[in-house]
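Trainee: I'm passing along final.txt; it holds compact mmCIF, N, CA and C atoms and all ligand atoms.
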```txt
# COMPACT_ATOMS: atom_id res chain seq x y z
N MET A 276 109.67 87.01 108.01
CA MET A 276 108.36 86.36 107.82
C MET A 276 107.36 86.99 108.79
N THR A 277 106.37 87.68 108.26
CA THR A 277 105.45 88.38 109.15
C THR A 277 104.11 87.66 109.29
N GLY A 278 103.80 86.78 108.37
CA GLY A 278 102.52 86.11 108.42
C GLY A 278 101.37 86.94 107.90
N ALA A 279 101.67 88.14 107.40
CA ALA A 279 100.61 88.98 106.84
C ALA A 279 100.02 88.30 105.61
N PRO A 280 98.70 88.42 105.42
CA PRO A 280 98.11 87.86 104.20
C PRO A 280 98.73 88.50 102.96
N SER A 281 98.73 87.76 101.87
CA SER A 281 99.28 88.33 100.64
C SER A 281 98.29 88.14 99.50
N HIS A 282 98.52 88.87 98.43
CA HIS A 282 97.63 88.81 97.27
C HIS A 282 98.45 88.66 96.00
N ASP A 283 97.85 87.99 95.04
CA ASP A 283 98.51 87.79 93.76
C ASP A 283 98.32 89.05 92.92
N VAL A 284 99.42 89.74 92.67
CA VAL A 284 99.37 90.98 91.90
C VAL A 284 100.11 90.76 90.60
N ARG A 285 99.42 91.05 89.50
CA ARG A 285 100.05 90.86 88.19
C ARG A 285 100.35 92.23 87.59
N LEU A 286 101.63 92.48 87.33
CA LEU A 286 102.06 93.74 86.73
C LEU A 286 102.13 93.57 85.23
N GLU A 287 101.65 94.56 84.50
CA GLU A 287 101.64 94.48 83.03
C GLU A 287 102.27 95.73 82.44
N TRP A 288 103.33 95.55 81.67
CA TRP A 288 104.03 96.67 81.03
C TRP A 288 103.47 96.90 79.62
N PRO A 289 103.63 98.12 79.08
CA PRO A 289 103.08 98.44 77.75
C PRO A 289 103.66 97.56 76.64
N ASP A 290 104.86 97.02 76.84
CA ASP A 290 105.46 96.19 75.78
C ASP A 290 104.97 94.74 75.82
N GLY A 291 104.01 94.46 76.72
CA GLY A 291 103.44 93.12 76.77
C GLY A 291 104.03 92.23 77.84
N ARG A 292 105.12 92.70 78.47
CA ARG A 292 105.74 91.92 79.54
C ARG A 292 104.81 91.87 80.74
N THR A 293 104.75 90.75 81.41
CA THR A 293 103.93 90.64 82.63
C THR A 293 104.74 89.93 83.70
N ARG A 294 104.35 90.16 84.95
CA ARG A 294 104.99 89.47 86.06
C ARG A 294 103.98 89.37 87.20
N SER A 295 103.75 88.16 87.65
CA SER A 295 102.86 87.97 88.79
C SER A 295 103.68 87.76 90.04
N MET A 296 103.23 88.31 91.14
CA MET A 296 103.96 88.15 92.40
C MET A 296 103.00 88.22 93.57
N ASP A 297 103.41 87.60 94.66
CA ASP A 297 102.64 87.71 95.90
C ASP A 297 103.09 88.96 96.63
N ILE A 298 102.16 89.83 96.94
CA ILE A 298 102.50 91.03 97.69
C ILE A 298 101.70 91.02 98.98
N ARG A 299 102.43 91.20 100.08
CA ARG A 299 101.78 91.12 101.40
C ARG A 299 101.01 92.40 101.70
N GLU A 300 100.05 92.26 102.60
CA GLU A 300 99.24 93.41 102.97
C GLU A 300 100.04 94.44 103.78
N ASP A 301 101.19 94.01 104.33
CA ASP A 301 101.97 94.96 105.11
C ASP A 301 103.12 95.58 104.32
N GLU A 302 103.12 95.38 103.01
CA GLU A 302 104.11 96.04 102.18
C GLU A 302 103.40 96.70 101.00
N THR A 303 104.05 97.70 100.43
CA THR A 303 103.45 98.35 99.28
C THR A 303 103.78 97.54 98.02
N VAL A 304 103.07 97.85 96.94
CA VAL A 304 103.36 97.16 95.68
C VAL A 304 104.81 97.39 95.28
N LEU A 305 105.28 98.63 95.48
CA LEU A 305 106.67 98.94 95.12
C LEU A 305 107.65 98.12 95.97
N GLU A 306 107.39 98.01 97.26
CA GLU A 306 108.27 97.23 98.14
C GLU A 306 108.24 95.75 97.76
N GLY A 307 107.05 95.26 97.44
CA GLY A 307 106.92 93.84 97.07
C GLY A 307 107.66 93.53 95.78
N ALA A 308 107.56 94.44 94.82
CA ALA A 308 108.26 94.25 93.55
C ALA A 308 109.77 94.28 93.78
N ASP A 309 110.18 95.21 94.62
CA ASP A 309 111.60 95.35 94.94
C ASP A 309 112.13 94.06 95.59
N ARG A 310 111.33 93.48 96.44
CA ARG A 310 111.73 92.25 97.15
C ARG A 310 112.05 91.12 96.19
N VAL A 311 111.34 91.08 95.05
CA VAL A 311 111.61 90.00 94.08
C VAL A 311 112.40 90.52 92.87
N ASP A 312 113.09 91.64 93.08
CA ASP A 312 113.97 92.21 92.06
C ASP A 312 113.27 92.62 90.78
N VAL A 313 112.06 93.13 90.90
CA VAL A 313 111.36 93.70 89.75
C VAL A 313 111.45 95.22 89.86
N ALA A 314 112.00 95.85 88.85
CA ALA A 314 112.22 97.29 88.89
C ALA A 314 110.98 98.04 88.41
N LEU A 315 110.49 98.92 89.26
CA LEU A 315 109.39 99.81 88.88
C LEU A 315 109.88 101.24 89.06
N PRO A 316 109.32 102.17 88.27
CA PRO A 316 109.75 103.56 88.43
C PRO A 316 109.29 104.14 89.77
N PHE A 317 110.13 104.94 90.39
CA PHE A 317 109.72 105.64 91.60
C PHE A 317 110.58 106.88 91.78
N GLY A 318 110.09 107.79 92.61
CA GLY A 318 110.86 108.99 92.93
C GLY A 318 110.88 109.20 94.42
N CYS A 319 109.79 109.79 94.94
CA CYS A 319 109.79 110.23 96.34
C CYS A 319 109.49 109.12 97.35
N ARG A 320 108.78 108.11 96.95
CA ARG A 320 108.29 107.04 97.86
C ARG A 320 107.36 107.56 98.94
N THR A 321 106.78 108.73 98.77
CA THR A 321 105.89 109.28 99.79
C THR A 321 104.53 109.69 99.24
N GLY A 322 104.25 109.37 97.99
CA GLY A 322 102.94 109.74 97.43
C GLY A 322 102.86 111.15 96.92
N ALA A 323 104.01 111.80 96.73
CA ALA A 323 103.99 113.20 96.35
C ALA A 323 104.32 113.47 94.89
N CYS A 324 105.08 112.59 94.24
CA CYS A 324 105.59 112.94 92.90
C CYS A 324 104.83 112.28 91.76
N GLY A 325 104.25 111.14 91.99
CA GLY A 325 103.48 110.47 90.95
C GLY A 325 104.29 109.57 90.04
N THR A 326 105.60 109.52 90.22
CA THR A 326 106.46 108.72 89.32
C THR A 326 106.07 107.24 89.32
N CYS A 327 105.59 106.75 90.45
CA CYS A 327 105.30 105.32 90.60
C CYS A 327 103.89 104.94 90.15
N THR A 328 103.16 105.88 89.55
CA THR A 328 101.74 105.64 89.26
C THR A 328 101.51 104.38 88.41
N GLY A 329 100.55 103.58 88.84
CA GLY A 329 100.07 102.46 88.06
C GLY A 329 98.58 102.65 87.81
N ARG A 330 98.00 101.79 87.00
CA ARG A 330 96.56 101.89 86.76
C ARG A 330 95.92 100.52 86.99
N LEU A 331 94.93 100.51 87.87
CA LEU A 331 94.24 99.25 88.17
C LEU A 331 93.47 98.79 86.93
N LEU A 332 93.78 97.59 86.47
CA LEU A 332 93.10 97.06 85.27
C LEU A 332 91.92 96.18 85.65
N GLU A 333 92.12 95.39 86.70
CA GLU A 333 91.09 94.42 87.05
C GLU A 333 91.33 93.89 88.45
N VAL A 334 90.26 93.67 89.18
CA VAL A 334 90.40 92.96 90.44
C VAL A 334 89.85 91.55 90.22
N ASP A 335 90.43 90.61 90.95
CA ASP A 335 90.01 89.22 90.79
C ASP A 335 88.64 89.01 91.42
N GLU A 336 87.68 88.76 90.56
CA GLU A 336 86.30 88.63 91.04
C GLU A 336 86.12 87.43 91.97
N SER A 337 87.04 86.47 91.88
CA SER A 337 86.89 85.29 92.71
C SER A 337 87.52 85.47 94.10
N ASP A 338 88.21 86.61 94.29
CA ASP A 338 88.82 86.84 95.60
C ASP A 338 87.73 87.22 96.59
N PRO A 339 87.56 86.46 97.65
CA PRO A 339 86.48 86.75 98.59
C PRO A 339 86.63 88.10 99.27
N ALA A 340 87.84 88.66 99.25
CA ALA A 340 88.05 89.96 99.89
C ALA A 340 87.60 91.10 98.98
N ASP A 341 87.26 90.76 97.76
CA ASP A 341 86.92 91.80 96.79
C ASP A 341 85.57 92.42 97.11
N ALA A 342 85.61 93.67 97.57
CA ALA A 342 84.37 94.34 97.93
C ALA A 342 83.91 95.28 96.82
N GLY A 343 84.79 95.64 95.93
CA GLY A 343 84.42 96.64 94.93
C GLY A 343 84.36 96.04 93.54
N ARG A 344 83.21 95.92 93.00
CA ARG A 344 83.08 95.29 91.69
C ARG A 344 82.89 96.31 90.59
N ASP A 345 82.89 97.58 90.95
CA ASP A 345 82.83 98.59 89.90
C ASP A 345 84.25 98.93 89.49
N SER A 346 84.39 99.85 88.56
CA SER A 346 85.71 100.29 88.17
C SER A 346 85.95 101.68 88.74
N GLY A 347 87.15 102.19 88.57
CA GLY A 347 87.45 103.54 89.01
C GLY A 347 87.74 103.64 90.48
N ALA A 348 87.39 104.78 91.09
CA ALA A 348 87.81 105.08 92.45
C ALA A 348 87.31 104.03 93.43
N GLY A 349 86.08 103.57 93.28
CA GLY A 349 85.56 102.56 94.20
C GLY A 349 86.39 101.31 94.16
N ALA A 350 86.78 100.91 92.96
CA ALA A 350 87.60 99.71 92.81
C ALA A 350 88.97 99.92 93.42
N VAL A 351 89.56 101.08 93.21
CA VAL A 351 90.88 101.36 93.76
C VAL A 351 90.82 101.36 95.28
N GLU A 352 89.79 101.98 95.82
CA GLU A 352 89.67 102.04 97.28
C GLU A 352 89.46 100.66 97.89
N ALA A 353 88.77 99.78 97.17
CA ALA A 353 88.56 98.43 97.68
C ALA A 353 89.81 97.56 97.48
N ALA A 354 90.60 97.88 96.46
CA ALA A 354 91.72 97.02 96.10
C ALA A 354 92.99 97.33 96.86
N PHE A 355 93.11 98.57 97.38
CA PHE A 355 94.36 98.98 98.03
C PHE A 355 94.09 99.73 99.32
N ALA A 356 95.03 99.63 100.25
CA ALA A 356 95.04 100.48 101.43
C ALA A 356 96.22 101.43 101.28
N TYR A 357 95.97 102.71 101.43
CA TYR A 357 97.05 103.69 101.33
C TYR A 357 97.68 103.94 102.69
N ARG A 358 99.02 104.02 102.72
CA ARG A 358 99.74 104.32 103.95
C ARG A 358 99.59 105.78 104.35
N ARG A 359 99.45 106.61 103.37
CA ARG A 359 99.29 108.03 103.62
C ARG A 359 98.51 108.62 102.45
N ARG A 360 98.22 109.89 102.54
CA ARG A 360 97.37 110.49 101.52
C ARG A 360 98.11 110.52 100.16
N PRO A 361 97.44 110.07 99.08
CA PRO A 361 98.08 110.07 97.76
C PRO A 361 98.06 111.47 97.14
N ARG A 362 98.99 112.31 97.56
CA ARG A 362 98.95 113.71 97.17
C ARG A 362 99.17 113.93 95.68
N ALA A 363 99.85 112.99 95.02
CA ALA A 363 100.19 113.20 93.61
C ALA A 363 99.01 112.94 92.67
N LEU A 364 97.91 112.41 93.19
CA LEU A 364 96.78 112.10 92.32
C LEU A 364 95.61 113.05 92.56
N LYS A 365 95.06 113.55 91.48
CA LYS A 365 93.83 114.33 91.58
C LYS A 365 92.65 113.37 91.68
N ASP A 366 91.51 113.89 92.17
CA ASP A 366 90.32 113.04 92.30
C ASP A 366 89.98 112.35 90.99
N ARG A 367 90.09 113.10 89.88
CA ARG A 367 89.70 112.51 88.59
C ARG A 367 90.65 111.37 88.22
N HIS A 368 91.91 111.46 88.65
CA HIS A 368 92.85 110.36 88.38
C HIS A 368 92.45 109.13 89.19
N ARG A 369 92.08 109.36 90.43
CA ARG A 369 91.65 108.23 91.27
C ARG A 369 90.38 107.62 90.70
N ASP A 370 89.50 108.47 90.20
CA ASP A 370 88.27 107.97 89.57
C ASP A 370 88.60 107.10 88.37
N ASP A 371 89.70 107.41 87.70
CA ASP A 371 90.08 106.66 86.50
C ASP A 371 90.88 105.40 86.82
N GLY A 372 91.10 105.13 88.10
CA GLY A 372 91.77 103.88 88.48
C GLY A 372 93.26 103.99 88.70
N TYR A 373 93.79 105.21 88.67
CA TYR A 373 95.24 105.36 88.90
C TYR A 373 95.55 105.17 90.38
N VAL A 374 96.72 104.61 90.65
CA VAL A 374 97.08 104.29 92.03
C VAL A 374 98.59 104.51 92.22
N LEU A 375 98.97 105.04 93.37
CA LEU A 375 100.39 105.30 93.66
C LEU A 375 100.99 104.06 94.31
N LEU A 376 101.83 103.37 93.58
CA LEU A 376 102.30 102.05 94.02
C LEU A 376 103.31 102.14 95.16
N CYS A 377 103.87 103.33 95.42
CA CYS A 377 104.85 103.45 96.52
C CYS A 377 104.17 103.47 97.88
N ILE A 378 102.88 103.78 97.93
CA ILE A 378 102.20 103.87 99.23
C ILE A 378 100.96 102.98 99.29
N ALA A 379 100.71 102.19 98.25
CA ALA A 379 99.49 101.36 98.19
C ALA A 379 99.82 99.90 98.47
N SER A 380 99.10 99.31 99.42
CA SER A 380 99.24 97.88 99.72
C SER A 380 97.98 97.16 99.24
N PRO A 381 98.14 96.01 98.61
CA PRO A 381 96.98 95.33 98.02
C PRO A 381 96.06 94.69 99.06
N ARG A 382 94.79 94.70 98.76
CA ARG A 382 93.79 94.02 99.60
C ARG A 382 93.05 92.93 98.83
N VAL A 383 93.31 92.84 97.54
CA VAL A 383 92.70 91.81 96.69
C VAL A 383 93.72 91.38 95.64
N ASP A 384 93.45 90.26 94.98
CA ASP A 384 94.24 89.89 93.82
C ASP A 384 93.86 90.86 92.70
N CYS A 385 94.84 91.28 91.92
CA CYS A 385 94.52 92.27 90.88
C CYS A 385 95.57 92.31 89.79
N ARG A 386 95.22 93.04 88.73
CA ARG A 386 96.15 93.31 87.62
C ARG A 386 96.37 94.81 87.56
N ILE A 387 97.62 95.22 87.36
CA ILE A 387 97.95 96.65 87.34
C ILE A 387 98.83 96.96 86.13
N ALA A 388 98.47 98.01 85.38
CA ALA A 388 99.35 98.51 84.32
C ALA A 388 100.46 99.32 84.97
N VAL A 389 101.72 99.05 84.61
CA VAL A 389 102.86 99.73 85.22
C VAL A 389 103.82 100.24 84.14
N GLY A 390 104.80 101.00 84.58
CA GLY A 390 105.81 101.55 83.67
C GLY A 390 105.68 103.06 83.60
N SER A 391 106.74 103.70 83.14
CA SER A 391 106.76 105.17 83.17
C SER A 391 105.69 105.78 82.30
N SER A 392 105.18 105.06 81.30
CA SER A 392 104.16 105.64 80.42
C SER A 392 102.85 105.86 81.16
N VAL A 393 102.62 105.12 82.25
CA VAL A 393 101.38 105.32 83.01
C VAL A 393 101.39 106.71 83.66
N HIS A 394 102.53 107.07 84.23
CA HIS A 394 102.64 108.42 84.81
C HIS A 394 102.49 109.48 83.72
N ALA A 395 103.03 109.19 82.54
CA ALA A 395 102.93 110.16 81.44
C ALA A 395 101.47 110.43 81.07
N GLU A 396 100.62 109.43 81.23
CA GLU A 396 99.19 109.63 80.91
C GLU A 396 98.58 110.72 81.80
N LEU A 397 99.10 110.85 83.00
CA LEU A 397 98.54 111.84 83.94
C LEU A 397 98.89 113.26 83.55
N VAL A 398 100.01 113.42 82.89
CA VAL A 398 100.49 114.77 82.60
C VAL A 398 100.50 115.04 81.11
N GLU A 399 99.59 114.40 80.40
CA GLU A 399 99.56 114.59 78.96
C GLU A 399 99.13 116.02 78.65
N ASN A 400 99.36 116.41 77.43
CA ASN A 400 99.13 117.78 76.94
C ASN A 400 97.83 118.40 77.47
N PRO A 401 97.93 119.44 78.29
CA PRO A 401 96.72 120.05 78.85
C PRO A 401 95.95 120.89 77.85
N TRP A 402 96.51 121.14 76.68
CA TRP A 402 95.89 122.06 75.72
C TRP A 402 94.92 121.38 74.79
N LYS A 403 94.90 120.07 74.78
CA LYS A 403 94.01 119.41 73.81
C LYS A 403 92.62 119.19 74.39
S1 LIG B 501 107.31 107.50 94.13
FE1 LIG B 501 106.57 109.54 94.31
S2 LIG B 501 104.41 109.24 94.45
FE2 LIG B 501 105.20 107.23 94.49
```
Please express the file's structure as C-alpha cells.
Ligand code: FES
Mentor:
Amino acid sequence: MTGAPSHDVRLEWPDGRTRSMDIREDETVLEGADRVDVALPFGCRTGACGTCTGRLLEVDESDPADAGRDSGAGAVEAAFAYRRRPRALKDRHRDDGYVLLCIASPRVDCRIAVGSSVHAELVENPWK
C-alpha cells in the first residue's frame, strides 16, 4: 500500500470487452492491469518495441486533474506520465493518441483502446 493517488482507467478491446480498474500514479497501466490479472500484450517493457501500444480514446472531463481537453499528443501528455522516453512511437503516432502502456502511468481517469490490433495499426501497410 503506497498511498499514491489512483485513476479509473477503462480498457476497451476490439471485440467489445471492457474492464475498468484503478491504476495508481506510481505504476504503469501494464503493471496495474497485471496486478488485477488482466492480460495485455507486451514485449520489452522498456518502451522500445511497441507491443504494448494502446490508444487514448477519452479523458474524463470531470476529473479535476484533467489539463488537456484536446485530443492527440496534448491529451496523451496530460493523461500520462512516461517513466522513460517512448522510443517505439513516432511523433505522428503520439499526435494520434497512441501510448506505450508499459511505461505510461495515468494522471487522469480515461478510456484506452487495447489489444494487439492497436499495435498493428502502427505498422500497417506502408505502400498504401
Ligand atoms: S512492451 Fe515494448 S514498448 Fe511496451
Trainee: Of the candidates A:Pro280, A:Gly325, A:Pro381, A:Gly307, which one gets nearest to A:Leu364 if we count all atoms listed in the file?
Mentor: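 Using all atoms listed in the file, A:Leu364 sits closest to A:Gly325.
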Trainee: With only C-alpha atoms as the counted atoms, please give the residues lying no more than 10 Å from stretch 286-303 of chain A, apart from itself and same-chain residues fewer than 4 positions off, as a ChimeraX atom specification.
Mentor: /A:277-282,307-311,313,315,329-332,355-358,375-393
Trainee: Counting only C-alpha atoms, which residue out of A:Ala314, A:Val374, A:Ala350, A:Leu305 sits closest to A:Asp335?
Mentor: A:Ala350
Trainee: Could you list the protein, DNA and RNA residues that have any atom within 6 Å of ligand LIG 501 (chain B), counting only C-alpha atoms and all ligand atoms, and write them as number ranges by chain?
Mentor: A: 317-327, 363, 375-377
Trainee: Please define a box with edges along x, y and z of the file around all atoms of stretch 291-307 of chain A given in the file, extend it by 5 Å on each side, and return its centre and edge lengths in Å to one decimal, as AutoDock Vina command-line options.
Mentor:
```
--center_x 103.8 --center_y 93.3 --center_z 90.9 --size_x 19.0 --size_y 21.3 --size_z 38.4
```
Trainee: Using DSSP on the backbone, list every residue of stretch 277-399 of chain A that comes out as strand (DSSP E), and give them as an MDAnalysis selection string.
Mentor: chainID A and resid 281:287 293:299 328:334 355:357 373:375 379:381 385:388
Trainee: As a short mmCIF file (atom, residue, chain, number, x, y, z; two decimals) with N, CA and C atoms, keeping the file's coordinate frame, which residues of stretch 290-379 of chain A does DSSP assign to helix (DSSP H, G or I)?
Mentor:
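Dumped to out.cif:
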```cif
data_model
loop_
_atom_site.label_atom_id
_atom_site.label_comp_id
_atom_site.auth_asym_id
_atom_site.auth_seq_id
_atom_site.Cartn_x
_atom_site.Cartn_y
_atom_site.Cartn_z
N VAL A 304 103.07 97.85 96.94
CA VAL A 304 103.36 97.16 95.68
C VAL A 304 104.81 97.39 95.28
N LEU A 305 105.28 98.63 95.48
CA LEU A 305 106.67 98.94 95.12
C LEU A 305 107.65 98.12 95.97
N GLU A 306 107.39 98.01 97.26
CA GLU A 306 108.27 97.23 98.14
C GLU A 306 108.24 95.75 97.76
N GLY A 307 107.05 95.26 97.44
CA GLY A 307 106.92 93.84 97.07
C GLY A 307 107.66 93.53 95.78
N ALA A 308 107.56 94.44 94.82
CA ALA A 308 108.26 94.25 93.55
C ALA A 308 109.77 94.28 93.78
N ASP A 309 110.18 95.21 94.62
CA ASP A 309 111.60 95.35 94.94
C ASP A 309 112.13 94.06 95.59
N ARG A 310 111.33 93.48 96.44
CA ARG A 310 111.73 92.25 97.15
C ARG A 310 112.05 91.12 96.19
N ALA A 348 87.39 104.78 91.09
CA ALA A 348 87.81 105.08 92.45
C ALA A 348 87.31 104.03 93.43
N GLY A 349 86.08 103.57 93.28
CA GLY A 349 85.56 102.56 94.20
C GLY A 349 86.39 101.31 94.16
N ALA A 350 86.78 100.91 92.96
CA ALA A 350 87.60 99.71 92.81
C ALA A 350 88.97 99.92 93.42
N VAL A 351 89.56 101.08 93.21
CA VAL A 351 90.88 101.36 93.76
C VAL A 351 90.82 101.36 95.28
N GLU A 352 89.79 101.98 95.82
CA GLU A 352 89.67 102.04 97.28
C GLU A 352 89.46 100.66 97.89
N ALA A 353 88.77 99.78 97.17
CA ALA A 353 88.56 98.43 97.68
C ALA A 353 89.81 97.56 97.48
N ALA A 354 90.60 97.88 96.46
CA ALA A 354 91.72 97.02 96.10
C ALA A 354 92.99 97.33 96.86
N ASP A 366 91.51 113.89 92.17
CA ASP A 366 90.32 113.04 92.30
C ASP A 366 89.98 112.35 90.99
N ARG A 367 90.09 113.10 89.88
CA ARG A 367 89.70 112.51 88.59
C ARG A 367 90.65 111.37 88.22
N HIS A 368 91.91 111.46 88.65
CA HIS A 368 92.85 110.36 88.38
C HIS A 368 92.45 109.13 89.19
N ARG A 369 92.08 109.36 90.43
CA ARG A 369 91.65 108.23 91.27
C ARG A 369 90.38 107.62 90.70
N ASP A 370 89.50 108.47 90.20
CA ASP A 370 88.27 107.97 89.57
C ASP A 370 88.60 107.10 88.37
#
```
Trainee: Which value, in Å to one decimal, gives the distance between atom N of A:Asp283 and atom C of A:Leu397?
Mentor: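 Atom-to-atom, atom N of A:Asp283 to atom C of A:Leu397, that is 27.8 Å.
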Trainee: What does the structure give for the distance between atom C of A:Val398 and atom N of A:Glu333, in Å to one decimal?
Mentor: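 One can read the atom C of A:Val398 to atom N of A:Glu333 distance as 22.1 Å.
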Trainee: For atom C of A:Glu399 and atom C of A:Asp312, quote the distance in Å rounded to one decimal.
Mentor: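 Atom C of A:Asp312 lies at a distance of 29.9 Å from atom C of A:Glu399.
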Trainee: Would you mind completing stretch 367-375 of chain A so that it carries all heavy atoms, and writing it out as a compact mmCIF listing (two decimals), keeping the file's coordinate frame?
Mentor:
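New file rebuild.txt:
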```txt
# COMPACT_ATOMS: atom_id res chain seq x y z
N ARG A 367 90.09 113.10 89.88
CA ARG A 367 89.70 112.51 88.59
C ARG A 367 90.65 111.37 88.22
O ARG A 367 90.26 110.42 87.54
CB ARG A 367 89.62 113.57 87.50
CG ARG A 367 90.92 114.20 87.11
CD ARG A 367 90.68 115.31 86.07
NE ARG A 367 91.76 116.25 86.03
CZ ARG A 367 92.85 116.09 85.28
NH1 ARG A 367 92.97 115.03 84.51
NH2 ARG A 367 93.80 116.98 85.29
N HIS A 368 91.91 111.46 88.65
CA HIS A 368 92.85 110.36 88.38
C HIS A 368 92.45 109.13 89.19
O HIS A 368 92.48 108.00 88.69
CB HIS A 368 94.27 110.77 88.74
CG HIS A 368 94.80 111.89 87.88
ND1 HIS A 368 95.66 112.84 88.35
CD2 HIS A 368 94.57 112.18 86.58
CE1 HIS A 368 95.95 113.68 87.38
NE2 HIS A 368 95.29 113.32 86.30
N ARG A 369 92.08 109.36 90.43
CA ARG A 369 91.65 108.23 91.27
C ARG A 369 90.38 107.62 90.70
O ARG A 369 90.21 106.40 90.70
CB ARG A 369 91.44 108.69 92.71
CG ARG A 369 92.72 109.27 93.31
CD ARG A 369 92.51 109.78 94.70
NE ARG A 369 92.26 108.68 95.63
CZ ARG A 369 92.08 108.84 96.93
NH1 ARG A 369 92.11 110.05 97.45
NH2 ARG A 369 91.87 107.82 97.71
N ASP A 370 89.50 108.47 90.20
CA ASP A 370 88.27 107.97 89.57
C ASP A 370 88.60 107.10 88.37
O ASP A 370 87.84 106.19 88.02
CB ASP A 370 87.38 109.13 89.11
CG ASP A 370 86.76 109.87 90.28
OD1 ASP A 370 86.82 109.35 91.41
OD2 ASP A 370 86.23 110.97 90.07
N ASP A 371 89.70 107.41 87.70
CA ASP A 371 90.08 106.66 86.50
C ASP A 371 90.88 105.40 86.82
O ASP A 371 91.32 104.71 85.91
CB ASP A 371 90.89 107.55 85.56
CG ASP A 371 90.01 108.57 84.85
OD1 ASP A 371 88.78 108.40 84.84
OD2 ASP A 371 90.56 109.55 84.30
N GLY A 372 91.10 105.13 88.10
CA GLY A 372 91.77 103.88 88.48
C GLY A 372 93.26 103.99 88.70
O GLY A 372 93.94 102.98 88.90
N TYR A 373 93.79 105.21 88.67
CA TYR A 373 95.24 105.36 88.90
C TYR A 373 95.55 105.17 90.38
O TYR A 373 94.76 105.56 91.25
CB TYR A 373 95.72 106.73 88.42
CG TYR A 373 95.67 106.86 86.93
CD1 TYR A 373 94.63 107.53 86.30
CD2 TYR A 373 96.65 106.28 86.13
CE1 TYR A 373 94.56 107.64 84.92
CE2 TYR A 373 96.60 106.37 84.75
CZ TYR A 373 95.55 107.05 84.15
OH TYR A 373 95.49 107.13 82.79
N VAL A 374 96.72 104.61 90.65
CA VAL A 374 97.08 104.29 92.03
C VAL A 374 98.59 104.51 92.22
O VAL A 374 99.39 104.23 91.31
CB VAL A 374 96.66 102.83 92.35
CG1 VAL A 374 97.24 101.84 91.35
CG2 VAL A 374 97.04 102.43 93.76
N LEU A 375 98.97 105.04 93.37
CA LEU A 375 100.39 105.30 93.66
C LEU A 375 100.99 104.06 94.31
O LEU A 375 100.70 103.75 95.47
CB LEU A 375 100.52 106.52 94.59
CG LEU A 375 100.02 107.84 94.00
CD1 LEU A 375 100.16 108.96 95.04
CD2 LEU A 375 100.76 108.20 92.72
```
